[in-house]
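Student: My questions will all concern the structure given below.
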Amino acid sequence: MSADDPTATLFTGGRIWTGAGDTDAVLVSGGVVRAVGEQTRSAAAATVVDLDGDFLMPSFGDGHAHPLYGGLETAGPAVRSCTSVDEIVAAVRRYADEHPEKEWITGASYDGSLAPGGLFDARWLDAAVADRPVVLRAWDYHTVWCNSEALKRAGITADTPDPVLGEIPHREDGSVLGTLREWGAVDLVMNVMPPPDETVRIAALGTAADYLLSRGVTWVQDAWVEPGDVATYVAAADGLRMRFNLALYADPRFFDAQVQQFAESRRQVDQAGSPLLTAQTVKFFADGVVENETGALLESYCSGLHSHGLRNWEGDSLAEAARRVDDLGLQIHIHAIGDAAVRQALDAIEHVVRHNGERDRRPVIAHVQLADDTDIGRFARLGVIPNMQPLWAQMDSLMTVLTIPRLGPERADRQYRMSTLVDSGAPLALGSDWPVSSGHPLEGIAVGVSRQTAEGDPPGGWTPHERLPIERALSAYTAGVAYQGFAENVWGRIAVGASADFVRLDRDPRAIPPLELPAVGVRATYLRGRPAYSVID
C-alpha cells in the first residue's frame with residue numbers, strides 16, 4: 001500500500017480485540033480492513049490513530065429494535081423516566097400546556113409496573129388533559145393508556161366487544177378503564193389518530209442514529225415496519241448514517257393482502273440505492289407479552305386471567321404464512337415470548353424446511369423468554385437464531401411486580417436460557433428491543449454476564465447457570481448479529497477484507513467487573529473507517 005493513499009489509516013497504541021483474539025494494530029483503506037497485527041508492519045499509512053491505551057473492537061449490531069419508534073419518543077411528553085403515575089400525569093400536563101397547537105397528545109413509553117396489574121385509568125390522564133385526546137404507549141409497546149377523549153374519538157364504549165387479537169379492560173361498574181392491550185384493541189385508537197408529519201418521522205430516524213451510534217451500534221434490525229415506515233426510510237435513504245435492515249410487519253388479520261406488498265416494499269428499498277438500507281426480513285408476532293398475560297404459555301398463568309395467553313396465529317396459519325414469506329426469499333423473524341409461542345414458531349420453521357427444502361435461510365425467533373426443555377435442541381437442528389435481550393434477565397421491578405406473580409417462581413426461574421441455548425449449539429444473537437428497554441449494548445451485556453441488577457442483586461446472580469462469558473456476550477452482540485443479518489463477511493469482526501466498523505471504548509470490557517460495564521465510555525464509533533460518532537478532541 002502506498003503512503004500517498006489518503007484513506008490509509010493505522011489504528012494502534014491500544015488493545016484491539018478482533019472477535020477472534022487480540023492484536024495491536026489494524027490498517028484500514030477505502031473503508032476496509034487491509035492488514036491486522038504483524039501484517040501492518042511493512043505498510044504505510046497517511047493517518048495514524050493513536051488509541052492512547054483505549055480498547056478497539058468490532059462495532060455492535062442490534063438484532064431486534066425499533067429505531068423509528070425510539071426516535072419518535074422525543075417528540076412527545078417525557079414520560080419514560082417517570083417513577084409514578086403522578087409524575088406521568090404532570091409530564092403530560094406540561095407538554096400539553098407547551099403545545100396548545102397539537103390536536104392529539106401522544107407519547108411513550110411509561111413503566112407498566114406503576115399501576116396494579118399494569119392497568120391504568122383514563123381518569124388519571126383526564127386530570128391533565130380533558131379536552132384533547134391523550135395516547136401513551138407502555139414500555140412493552142403492546143399496551144396503550146388513553147384518556148377519555150381518546151376513547152371517545154375511537155368509538156370505544158362499555159358495549160364495545162374485545163376485538164380480534166386485543167382486549168379492552170373494564171372497571172368493576174362495566175365502564176371502559178383506559179388501558180388497551182395488544183394490536184386489535186390498540187389499533188382502534190391508532191386508526192383514528194393522525195400520524196406524525198413526515199418531516200418529524202425522518203428527523204426521528206436521525207435521532208435514533210444519534211442514540212445508537214453513541215452507544216457503538218452501526219447496524220440495527222428494525223423489527224416492525226409497516227408500508228408508511230418503508231416510505232419514511234426510502235425518503236431518508238440518502239441521509240442515513242448507519243446500517244438499517246427492515247422487517248416488514250405481518251398481521252394475521254390482513255396477511256393475504258400484505259404478502260403481495262412485501263416484494264414491492266423490498267423493491268422500493270432496493271431502488272433507493274442506499275448501501276446502508278436493506279429490507280430482507282418479515283416480522284411475525286406469535287404472541288404478546290407475559291406482563292399483560294398475552295404471552296402464550298404451555299401451562300396456564302397463575303392468576304388464570306387469560307388462562308394460557310394469546311396466540312395471534314391460529315392453527316397452522318403461522319406455518320403457512322411463514323412458508324409464503326420464504327417463497328419470496330425473505331427472512332423469517334418471529335416474536336415469541338411464551339413457551340407455547342416458541343414451540344409454535346419452531347413448528348412453523350420446521351414446516352417451511354419440510355415444504356421448501358434446505359437452504360441458508362437463517363430464521364430468527366426473538367425474545368425466547370420461555371422455552372420448554374423439549375424445544376431447546378430444535379434451534380440448532382433447524383438453524384434457528386435465538387435473538388435475545390440480555391437486559392431483561394434481571395430481578396428488576398418489571399420482573400418482580402408483573403412477571404413472577406404471573407408465572408410463579410419455579411417457571412420464572414426458567415426464563416432467558418441464553419447459556420443453555422448456546423451450549424445446545426444455537427447461534428445466539430443479541431438485541432435490545434429499544435425503546436422497550438435501553439439500547440446500550442454494554443448495559444445488556446452487564447446483565448447477561450452477571451444476571452444481576454445495577455445494584456448487584458441478587459448476590460451471585462439470578463439463575464447464575466445462565467450467565468454468559470464476557471467474550472461470548474460480546475461476540476453475540478457483534479458477529480452473532482452480523483450472522484443474523486447475512487453480513488458475517490461484511491462486518492462484525494476485524495479481519496482483512498471486512499468493513500472497518502469499529503467501536504472505541506475507554507476500557508477493556510473483559511477486564512472489569514460486570515456491574516461496571518455500563519460506565520465504560522464509548523469514545524468513538526467508526527463506519528467504514530470514518531467516525532460516525534466521536535467525543536475525541
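Scheme for the C-alpha cells: letters A, B, ... for chains in order shown; per-chain residue numbers from 1; ligand numbers from 1 in order shown.
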Which residues in region 272-309 of chain A does DSSP call strand (DSSP E or B)? List them as a PyMOL selection string.

Tutor: chain A and resi 277-285

Student: Go through A:Val234, A:Ala128, A:Ala247, A:Ala204 one by one, measure the shortest atom-to-atom distance of each to His333 (chain A) using only C-alpha atoms, and give the residue with the smallest value.

Tutor: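 Of A:Val234, A:Ala128, A:Ala247, A:Ala204, the one nearest His333 (chain A) is A:Ala247, counting only C-alpha atoms.
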
Student: Calculate how many Å separate CA of Gly408 (chain A) from CA of Ile365 (chain A), rounding to one decimal.

Tutor: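 That distance, rounded to one decimal, is 24.1 Å.
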
Student: Could you pull the residues within 12 Å of Val92 (chain A), counting only C-alpha atoms, minus those fewer than 5 positions along the same chain, as a PyMOL selection string?

Tutor: chain A and resi 76-80+82+85-87+97-99+104-110+124-130+132-136+146-147

Student: Output the selection as a short mmCIF file (atom, residue, chain, number, x, y, z; two decimals), in the first residue's frame - N, CA, C and O atoms for each residue.

Tutor:
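Saved file again23.cif follows:
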```
data_model
loop_
_atom_site.label_atom_id
_atom_site.label_comp_id
_atom_site.auth_asym_id
_atom_site.auth_seq_id
_atom_site.Cartn_x
_atom_site.Cartn_y
_atom_site.Cartn_z
N GLY A 76 -42.72 13.69 22.02
CA GLY A 76 -43.92 13.73 22.85
C GLY A 76 -43.56 13.97 24.30
O GLY A 76 -42.41 14.31 24.63
N PRO A 77 -44.51 13.82 25.23
CA PRO A 77 -44.23 14.04 26.64
C PRO A 77 -43.11 13.13 27.14
O PRO A 77 -43.04 11.96 26.75
N ALA A 78 -42.24 13.65 27.99
CA ALA A 78 -41.11 12.88 28.51
C ALA A 78 -41.58 12.04 29.69
O ALA A 78 -41.52 12.46 30.85
N VAL A 79 -42.10 10.84 29.40
CA VAL A 79 -42.66 10.00 30.46
C VAL A 79 -41.80 8.79 30.79
O VAL A 79 -42.05 8.11 31.78
N ARG A 80 -40.78 8.52 29.98
CA ARG A 80 -40.00 7.29 30.19
C ARG A 80 -39.33 7.24 31.55
O ARG A 80 -39.27 6.18 32.18
N CYS A 82 -40.30 8.64 34.30
CA CYS A 82 -41.22 8.87 35.43
C CYS A 82 -41.31 7.63 36.31
O CYS A 82 -41.39 6.50 35.81
N VAL A 85 -47.33 7.38 38.75
CA VAL A 85 -48.42 7.84 37.90
C VAL A 85 -48.53 9.36 37.96
O VAL A 85 -48.75 10.03 36.95
N ASP A 86 -48.36 9.92 39.15
CA ASP A 86 -48.46 11.38 39.29
C ASP A 86 -47.40 12.09 38.44
O ASP A 86 -47.69 13.14 37.84
N GLU A 87 -46.19 11.54 38.37
CA GLU A 87 -45.14 12.14 37.54
C GLU A 87 -45.53 12.11 36.07
O GLU A 87 -45.30 13.06 35.33
N ASP A 97 -49.59 21.92 27.87
CA ASP A 97 -49.59 23.37 28.05
C ASP A 97 -48.60 24.05 27.11
O ASP A 97 -48.83 25.15 26.61
N GLU A 98 -47.45 23.37 26.85
CA GLU A 98 -46.41 23.93 25.98
C GLU A 98 -46.74 23.77 24.50
O GLU A 98 -46.11 24.41 23.66
N HIS A 99 -47.70 22.91 24.19
CA HIS A 99 -48.05 22.64 22.78
C HIS A 99 -49.56 22.74 22.58
O HIS A 99 -50.23 21.76 22.26
N TRP A 104 -53.71 16.10 19.15
CA TRP A 104 -53.55 14.87 19.92
C TRP A 104 -52.24 14.95 20.69
O TRP A 104 -51.23 15.39 20.15
N ILE A 105 -52.25 14.48 21.92
CA ILE A 105 -51.03 14.38 22.73
C ILE A 105 -50.64 12.90 22.74
O ILE A 105 -51.36 12.06 23.29
N THR A 106 -49.52 12.58 22.10
CA THR A 106 -49.08 11.20 22.01
C THR A 106 -47.66 11.08 22.53
O THR A 106 -46.85 12.00 22.38
N GLY A 107 -47.36 9.94 23.13
CA GLY A 107 -46.02 9.76 23.67
C GLY A 107 -45.76 8.34 24.10
O GLY A 107 -46.61 7.46 24.00
N ALA A 108 -44.52 8.12 24.56
CA ALA A 108 -44.07 6.82 25.02
C ALA A 108 -42.77 7.04 25.80
O ALA A 108 -42.10 8.06 25.63
N SER A 109 -42.40 6.10 26.62
CA SER A 109 -43.19 4.94 26.97
C SER A 109 -43.14 4.81 28.48
O SER A 109 -42.09 4.90 29.08
N TYR A 110 -44.29 4.59 29.08
CA TYR A 110 -44.41 4.60 30.52
C TYR A 110 -44.14 3.21 31.11
O TYR A 110 -44.27 2.19 30.44
N TRP A 124 -57.13 9.32 35.22
CA TRP A 124 -55.87 9.90 35.69
C TRP A 124 -55.32 10.87 34.65
O TRP A 124 -54.81 11.93 34.99
N LEU A 125 -55.41 10.50 33.39
CA LEU A 125 -54.97 11.39 32.32
C LEU A 125 -55.95 12.54 32.10
O LEU A 125 -55.55 13.64 31.71
N ASP A 126 -57.22 12.29 32.34
CA ASP A 126 -58.22 13.35 32.20
C ASP A 126 -57.87 14.53 33.12
O ASP A 126 -58.15 15.69 32.79
N ALA A 127 -57.26 14.24 34.27
CA ALA A 127 -56.89 15.30 35.21
C ALA A 127 -55.83 16.22 34.62
O ALA A 127 -55.69 17.38 35.03
N ALA A 128 -55.07 15.70 33.64
CA ALA A 128 -54.05 16.52 32.98
C ALA A 128 -54.60 17.21 31.75
O ALA A 128 -54.39 18.41 31.54
N VAL A 129 -55.30 16.46 30.91
CA VAL A 129 -55.86 16.98 29.66
C VAL A 129 -57.22 16.32 29.45
O VAL A 129 -57.29 15.10 29.27
N ALA A 130 -58.27 17.11 29.45
CA ALA A 130 -59.61 16.55 29.29
C ALA A 130 -60.21 16.84 27.93
O ALA A 130 -61.09 16.11 27.46
N ARG A 132 -58.57 17.26 24.90
CA ARG A 132 -57.86 16.72 23.74
C ARG A 132 -57.51 15.26 24.02
O ARG A 132 -57.26 14.89 25.18
N PRO A 133 -57.46 14.42 22.99
CA PRO A 133 -57.10 13.02 23.23
C PRO A 133 -55.64 12.86 23.63
O PRO A 133 -54.77 13.55 23.10
N VAL A 134 -55.39 11.98 24.57
CA VAL A 134 -54.04 11.62 25.01
C VAL A 134 -53.86 10.12 24.84
O VAL A 134 -54.71 9.33 25.29
N VAL A 135 -52.77 9.72 24.20
CA VAL A 135 -52.47 8.30 23.98
C VAL A 135 -51.00 8.07 24.30
O VAL A 135 -50.12 8.66 23.67
N LEU A 136 -50.74 7.23 25.29
CA LEU A 136 -49.37 6.90 25.69
C LEU A 136 -49.15 5.40 25.50
O LEU A 136 -50.01 4.59 25.86
N CYS A 146 -55.00 5.51 27.46
CA CYS A 146 -55.71 6.62 26.82
C CYS A 146 -56.51 7.42 27.84
O CYS A 146 -56.94 6.88 28.86
N ASN A 147 -56.74 8.67 27.52
CA ASN A 147 -57.70 9.42 28.32
C ASN A 147 -59.10 9.21 27.74
O ASN A 147 -59.29 8.55 26.71
#
```

Student: With 10 Å as the cut-off and only C-alpha atoms counted, what is the closest atom pair between each nearby residue of region 237-322 of chain A and region 62-69 of chain A? Distances in Å to one decimal, ordered by chain and number, as CSV.

Tutor:
```
residue,atom,partner,partner_atom,distance
A:Phe244,CA,A:Pro67,CA,9.1
A:Asn245,CA,A:Gly63,CA,9.5
A:Leu246,CA,A:His66,CA,9.8
A:Ala247,CA,A:His64,CA,9.6
```

Student: Between A:Asp187, A:Asp506, A:Glu103, A:Asp537, which is the closest to Val522 (chain A) once you count only C-alpha atoms?

Tutor: A:Asp506

Student: Quick one: which region 113-157 of chain A residues come within 12 Å of region 397-402 of chain A, and what is the nearest atom pair for each with the distance in Å to one decimal, counting only C-alpha atoms, rows ordered by chain and ascending number, as a Markdown table?

Tutor:
```
| residue | atom | partner | partner_atom | distance |
| --- | --- | --- | --- | --- |
| A:Ser113 | CA | A:Leu398 | CA | 6.0 |
| A:Leu114 | CA | A:Val401 | CA | 9.1 |
| A:Ala115 | CA | A:Val401 | CA | 9.9 |
| A:Pro116 | CA | A:Val401 | CA | 8.6 |
| A:Gly117 | CA | A:Leu402 | CA | 6.8 |
| A:Gly118 | CA | A:Leu402 | CA | 7.6 |
| A:Leu119 | CA | A:Leu402 | CA | 11.1 |
| A:Trp139 | CA | A:Leu398 | CA | 10.1 |
| A:Asp140 | CA | A:Leu398 | CA | 10.3 |
```

Student: Kindly give the distance, in Å, that separates CA of Ala154 (chain A) and CA of Leu180 (chain A), rounded to a single decimal.

Tutor: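 Between these atoms lies a distance of 11.7 Å.
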
Student: What lies within 9 Å of Leu391 (chain A) using only C-alpha atoms, ignoring chain neighbours under 5 positions off, as number ranges by chain?

Tutor: A: 432, 437-438, 441, 443-448, 451

Student: Going by DSSP on the backbone, which bits of region 102-340 of chain A are alpha helix (DSSP H)? Write them as a PyMOL selection string, please.

Tutor: chain A and resi 122-126+148-153+182-190+198-213+227-236+255-272+317-327+339-340

Student: Residues within 9 Å of Gly273 (chain A), please, as a list of chain:residue names. Count only C-alpha atoms; anything in the same chain fewer than 3 positions from it doesn't count.

Tutor: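 Those residues are A:Ala237, A:Asp238, A:Val269, A:Asp270, A:Leu276, A:Leu277.
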
Student: Neighbours of Ala43 (chain A) within 12 Å (only C-alpha atoms; same-chain residues fewer than 3 positions away dropped), as number ranges by chain?

Tutor: A: 1-5, 8-10, 25-29, 34-40, 46-48
